[in-house]
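**Student:** Questions regarding the structure given below will be posed in turn.
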Amino acid sequence: MRAFRYAKADDPGAAATLVAGVPDAAYLGGGTNLVDLMKLGVLRPGLLVDVSGLPYDAIEHRPDGGVLIGGAVRNSRLALDDGIRRRYPAVARAVLAGASGQIRSQATVAGNLLQRTRCPYFQNTATPCNKREPGSGCSAIPGAHRDLAVIGTSDACVASHPSDLAVALAAHDAVVEVRRPDGIERLVPIHDLHRLPGDTPWIETVLDPGDLVTGVQLPAPPDGATAAYRKVRDRWSYAFAVVSVAAVFRRDAAGRLDEVRLALGGVAPKPWRLWTAERRLAGTDPGDDEVRSATRAAFAGARPLPDNAFKIDLAADLVAAVLRRSAS
Amino acid sequence: MSAGTGLARLEGRDKVTGAARYAYEYPVDGALYVWPVGANVASGTITDVDASAALADPAVVTVLDHTNVPRLRPGVTADQSVLQSATVAYRGQVVAGVVATTAEAAREGAERVVVRYAEHPHKVTLDPDDPDLESPGTTNAGFPGTSVKGDVDAALGAADVVVDRVYTTPPEHNNPMEPVATIAQWDGDRLLLYDSNQGPAAVATAYGMLWNIPREQVEVVTEHVGGGFGSKVWPTPGSVLATVAARVTGRPCKLMLTRQQMFTMVPGRTATRSRIRLGARGDGTLTAVDHDALQYTSVIHEFVEQTGSATRTMYAADNLRVRHRLARLNLPTPRVMRAPGKTPGMFALESAMDELAYALDLDPLALRLANEPAVEPATGLPFDGRHLTECLTTGAERFGWADRDPTPGARRHGRSLFGTGLASSMYPVYQSGSTATARAEPDGTFQVSVAAVDIGTGARTALWQLAADVFGVPPDRVTIHIGRASYGPAALAGGSAGTASWGGAVRKAATQLCRRLAEHGGAVPADGLEVTANTDIDQPPPDRSRHSYGAHFCALRVDADTGQVRVDRLLGVFAHGRPVNARTAHSQLLGGMVMGISMALHEETVVDPRLGLFVNHDLAQYHVATNADIRGVEAHSLERADDDITLAGGKGIGELGIVGAAAAVANAVFHATGVRVRDLPITLAKIRGGSN
């Protein structure tokens, strides 16, 4: 572990100033991902600027029915917020489905969104990894990839985005508030926040150096909609999703889905919206087979590997289970 | 009498308040920190160790490699011969060590050491068609590699029904909470270690061998240990490196492994592949049992998991053959883990028995009862207590087995499929000679010392109770001292034999002290009275089949949409004789059952065959059961069966609870879903019909 400097930012401007011109600087939120990767020698920043004390720690329920979640809000507090639990239950459930109580109490909302995509080889400096050492090759594609992504991947990288929260936020069409180093605010739809690996798997978001995630806007949920989060994992606690789904949906009087938004976790390098499936299902009262078929169709561009191809059928079954009438 | 009651652990309060001091926490002046560097190839020869970048940091005192360290004598395992050659036998093998004034500097220094290799081809896959497989003469714990009774092939040919299946278990790692930790300090040719291990006396012996000094010159202090499960039975390479570093620098050296290092610098369990063939008559009488067990060892040391050994003791069959074969792979030498041999072997045998029951259309309980042997099947030795039948029938009654419909995949409520399964359990009764000292003080108190270790089992409290009962005094008048090699030769905390072995010595010393006191008319001399006793000559001859037995009953549900398993209930009934401490004995049985569920559903060290790498080397990726995975675990003990089999009374308890539990889970998964998973762990993907 490389020796590093630590500074605590008192205000956003100071944070931007501290990291400006320091190429190996990094913002520090809860540290639950960054510090782990530093201990492993995967990330070796020379300067950490602690932004956890900046005034982005409120959960503000707005008159328009939406909510602004501060970037420094701890995950555990988000999950316990009464308004979130009542109006965005998929968000609360997603947070509680992730990590452990200790980690949730430490981790921040911004840090959760910006955690690195996961792959055992990325975390092991003894192995080749294009994300860690550009051009060194991907060890996971010919190696252990059972838990990794099946869609949105490239020949360079198949790491998956591990966040539960981000999946729920994607189903709610969240917008990420970013403060640029010059102080100007930039709004990034969550669907556009993460980049697919392509030929540059080490670049995981659209953020520029010095950009600071200050909050997440959630629009008001559709009136009368159901919001669900269900996570399939290999044990019942403290495990990343094999596949997870966040669903925000509503049926009309005839039982047809007049609103349906579906996002998956565990399958891609980012929270993965099932746009095509949503379009196919909207306005219908689908049975399990129709839901499965629509979900599978959304994986038309998938690049499954031998040991993770099962995730596609699992996703189809999971979406069917969540949209099933008896389940809602 | 305090024995049999559930006195609270002596050190319980210290542990939960953080007052208990573990090996790494001893204050030592002027200590240096050691960080091992693991090999970055799976097979090869070191051509160069470039330490210049590491040594550029003034906090780095020295970098050790095979060219600049003292020669060690051969140890108990070849893995202990740290930095003794340029040969790399497996990825992660210690190839250098950085010694620095802080742990952080040592760790960073280890990142900066550049080791270059001539890489050789490697082999890391357990393959039944590997042309280089060996047939070892003996396995771990001294079992014969091969045993044959009757003519198995002929009996299989003549059987009405044959089950012929292959069952596999993956490599697994023990993963105690406390990693390997050592502080090593030399004073001339005397070595002092604060060390986390499963037997300070054995550790002293091992370091005596390595450094060619009498074991009496090695003091090992092991007051508290945060778990071992077999991984800390013998010194591991990191700890040996600490003694090397201390020797070279002349200063105390501290080492604690990371969780990642715990996968390659500490042994785990071999993968196993068991082909089981069972032949039976139509009425359920077993006529042939064949267990062909394949496991691996490293290329530098032979360790043979006794995978088939349990099969020799379980069911009556005129024709019984158990064979072991061994592959030599470029992986760390596997060693003992949570009922070595018995756990993977009984997963195979007890799964196959379930399959046979279905093939015969017999209840799996009835099948087992019908094949209860009168003597140990492989050897003909008489049993020294068995009670398997009683465990099975008692368990069936408590569990509500009688009304079970055997049809697989037939119980669906909502989106859940429900199923039940059972399996037998067994574990050998081991015991070995130990030394204990008992001392009477003039004030009416007693001191007892034995080189025992409490790895979380409650051994310290049990030994204290045993001593008090011999003295006939309340336990608070006895002080028990454990965890020092200088208390004399003693057994390991292994083979579920610790308390029996140490307890036997404690009882003997206490009994002799009472006799001496009686000779003194009951009066204690002013300087006290002390007796040391050893039980080497008190061990029973191998003229009986000595094991504990038990039975597991599992109820679970499987999500029909996803394949996720939820174990609702695991009930065990065990025949182990009188426990010394009812509370800690019960905890051990429960802990074993939890490990069984964990093995069934979660535990797997994933091997990357291309890189020769243990991939998932941390506790986020190597899954063990969490609290959320465990519900409804019940352990029951048969009353007063076999109370005088060991010198401490009842039989060992530590590993009995795990054996067979994975098969009970697998059998219940089949009953719930109709899917037979023969390759552990039972993942949702396998239940859904895949191989992952």
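Residues are referred to by chain and number: the chain letter is A, B, ... according to the order shown in the structure tokens, the number counts from 1 in that chain, and ligands are numbered separately from 1 in the order shown.
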Using only C-alpha atoms, which chain A residues lie at most 6 Å away from chain B, written as a list in words?
**Tutor:**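 So the residues of chain A near chain B are Met1, Arg2, Gly143, Trp236, Ser237 and Asp317 of chain A.
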**Student:** Write out as a list of chain:residue names all residues of stretch 90-143 of chain B that backbone DSSP assigns to helix (DSSP H, G or I).
**Tutor:**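 Put together, the selection reads B:Ala103, B:Glu104, B:Ala105, B:Ala106, B:Arg107, B:Glu108, B:Gly109, B:Ala110, B:Glu111, B:Arg112, B:Asn140, B:Ala141, B:Gly142.
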**Student:** Using only C-alpha atoms, which residue out of A:Ala58, A:Ile190, A:Ala253, A:Ala107 lies closest to A:Thr32?
**Tutor:**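 Of A:Ala58, A:Ile190, A:Ala253, A:Ala107, the one nearest A:Thr32 is A:Ala107, counting only C-alpha atoms.
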**Student:** Grab the atom CA of A:Ile203 to atom CA of A:Phe310 distance for me, in Å with one decimal place.
**Tutor:**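 The value is 27.7 Å.
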**Student:** List as a PyMOL selection string the protein and nucleic acid residues near B:Trp502, meaning an atom at most 10 Å away when only C-alpha atoms are counted, but skip any in the same chain fewer than 5 places from it.
**Tutor:** chain B and resi 431-436+449-453+459-460+462-463+482+490-493+497+507-508+534-535+647-648
**Student:** With a distance cut-off of 9 Å and only C-alpha atoms, select the neighbouring residues of A:Glu177, excluding the residue or stretch itself and same-chain residues fewer than 6 positions from it, and output the selection as an mmCIF file with N, CA and C atoms, in the first residue's frame.
**Tutor:**
```
data_model
loop_
_atom_site.group_PDB
_atom_site.id
_atom_site.type_symbol
_atom_site.label_atom_id
_atom_site.label_comp_id
_atom_site.auth_asym_id
_atom_site.auth_seq_id
_atom_site.Cartn_x
_atom_site.Cartn_y
_atom_site.Cartn_z
ATOM 1 N N GLY A 71 -25.230 13.422 -1.969
ATOM 2 C CA GLY A 71 -24.202 12.453 -2.327
ATOM 3 C C GLY A 71 -23.473 11.878 -1.131
ATOM 4 N N GLU A 185 -22.951 23.346 -12.113
ATOM 5 C CA GLU A 185 -23.634 22.070 -11.911
ATOM 6 C C GLU A 185 -23.997 21.451 -13.253
ATOM 7 N N ARG A 186 -23.852 20.148 -13.288
ATOM 8 C CA ARG A 186 -24.157 19.401 -14.494
ATOM 9 C C ARG A 186 -25.095 18.278 -14.065
ATOM 10 N N LEU A 187 -26.140 18.045 -14.857
ATOM 11 C CA LEU A 187 -27.083 16.980 -14.544
ATOM 12 C C LEU A 187 -26.861 15.813 -15.503
ATOM 13 N N VAL A 188 -26.695 14.636 -14.949
ATOM 14 C CA VAL A 188 -26.419 13.447 -15.770
ATOM 15 C C VAL A 188 -27.486 12.395 -15.471
ATOM 16 N N PRO A 189 -28.315 12.061 -16.433
ATOM 17 C CA PRO A 189 -29.253 10.953 -16.193
ATOM 18 C C PRO A 189 -28.475 9.697 -15.788
ATOM 19 N N LEU A 212 -17.558 16.210 -8.988
ATOM 20 C CA LEU A 212 -17.988 15.674 -7.695
ATOM 21 C C LEU A 212 -19.481 15.382 -7.761
ATOM 22 N N VAL A 213 -19.854 14.164 -7.456
ATOM 23 C CA VAL A 213 -21.285 13.828 -7.393
ATOM 24 C C VAL A 213 -21.831 14.396 -6.088
ATOM 25 N N THR A 214 -22.751 15.343 -6.208
ATOM 26 C CA THR A 214 -23.261 16.004 -5.001
ATOM 27 C C THR A 214 -24.629 15.481 -4.592
ATOM 28 N N GLY A 215 -25.336 14.834 -5.520
ATOM 29 C CA GLY A 215 -26.655 14.332 -5.148
ATOM 30 C C GLY A 215 -27.294 13.553 -6.267
ATOM 31 N N VAL A 216 -28.437 12.982 -5.909
ATOM 32 C CA VAL A 216 -29.216 12.204 -6.870
ATOM 33 C C VAL A 216 -30.662 12.674 -6.778
ATOM 34 N N GLN A 217 -31.196 13.108 -7.920
ATOM 35 C CA GLN A 217 -32.604 13.507 -7.961
ATOM 36 C C GLN A 217 -33.446 12.301 -8.369
#
```
**Student:** Excluding B:Pro70 and its own-chain neighbours fewer than 2 positions away, which residues fall within 8 Å of it when counting only C-alpha atoms? Please give them as a PyMOL selection string.
**Tutor:** chain B and resi 68+72+244+248
**Student:** Save out the residues we just selected, C-alpha atoms, as an mmCIF file, in the first residue's frame.
**Tutor:**
```
data_model
loop_
_atom_site.group_PDB
_atom_site.id
_atom_site.type_symbol
_atom_site.label_atom_id
_atom_site.label_comp_id
_atom_site.auth_asym_id
_atom_site.auth_seq_id
_atom_site.Cartn_x
_atom_site.Cartn_y
_atom_site.Cartn_z
ATOM 1 C CA ASN B 68 20.335 -14.901 1.590
ATOM 2 C CA LEU B 72 16.480 -24.905 7.478
ATOM 3 C CA VAL B 244 13.768 -16.582 9.587
ATOM 4 C CA VAL B 248 18.507 -12.697 10.205
#
```
**Student:** Find the spatial neighbours of stretch 672-679 of chain B, counting only C-alpha atoms, within a cut-off of 8 Å - ignore same-chain residues fewer than 5 positions away - and output them as a list in words.
**Tutor:** Val166, Tyr167, Thr168, Thr169, Pro170, Ala348, Ser351, Pro408, Gly409, Ala410, Arg411, Leu417, Phe418, Gly419, Thr420, Leu556, Arg557, Val558, Ala666, Asn667, Lys686, Ile687 and Gly689 of chain B
**Student:** How would you write, as a count of residues only, the set of residues in stretch 30-232 of chain A that DSSP gives as strand (DSSP E or B)?
**Tutor:** 41
**Student:** Compile the contact shell of B:Asp363 as a PyMOL selection string: residues with an atom at most 9 Å away, counting only C-alpha atoms, same-chain residues fewer than 6 positions apart removed.
**Tutor:** chain B and resi 354+357+404+406
**Student:** Looking at A:Ala97, A:Leu47, A:Leu37, A:Cys138, which one is nearest to A:Ala7, with distances taken over only C-alpha atoms?
**Tutor:**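 Among the listed residues, A:Leu47 lies closest to A:Ala7.
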**Student:** Point out the residue among A:Val22, A:Ala239, A:Ala282, A:Ile84 with the least atom-to-atom distance to A:Asp258, counting only C-alpha atoms.
**Tutor:** A:Ala282
**Student:** Compare A:Leu264, A:Leu207, A:Ala166, A:Leu78 by their minimum atom-to-atom distance to A:Leu318, counting only C-alpha atoms, and give me the closest one.
**Tutor:**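 So, comparing all the options, the nearest one is A:Leu264.
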**Student:** State, in Å with one decimal place, the distance from atom CA of B:Asn174 to atom CA of B:Phe229.
**Tutor:** 5.7 Å
**Student:** Using only C-alpha atoms, find the one residue out of B:Arg190, B:Arg165, B:Lys149, B:Arg569 that sits nearest to B:Ala378.
**Tutor:**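 That would be B:Lys149, the residue with the smallest distance to B:Ala378.
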**Student:** Hey, can you check how far atom CA of A:Ile59 sits from atom CA of A:Gly111?
**Tutor:**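 Separation between atom CA of A:Ile59 and atom CA of A:Gly111: 15.9 Å.
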**Student:** May I ask which of the residues B:Gly282, B:Pro235, B:Pro442, B:Pro200 is the closest one to B:Leu529, counting only C-alpha atoms?
**Tutor:**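 The closest residue to B:Leu529 is B:Pro442.
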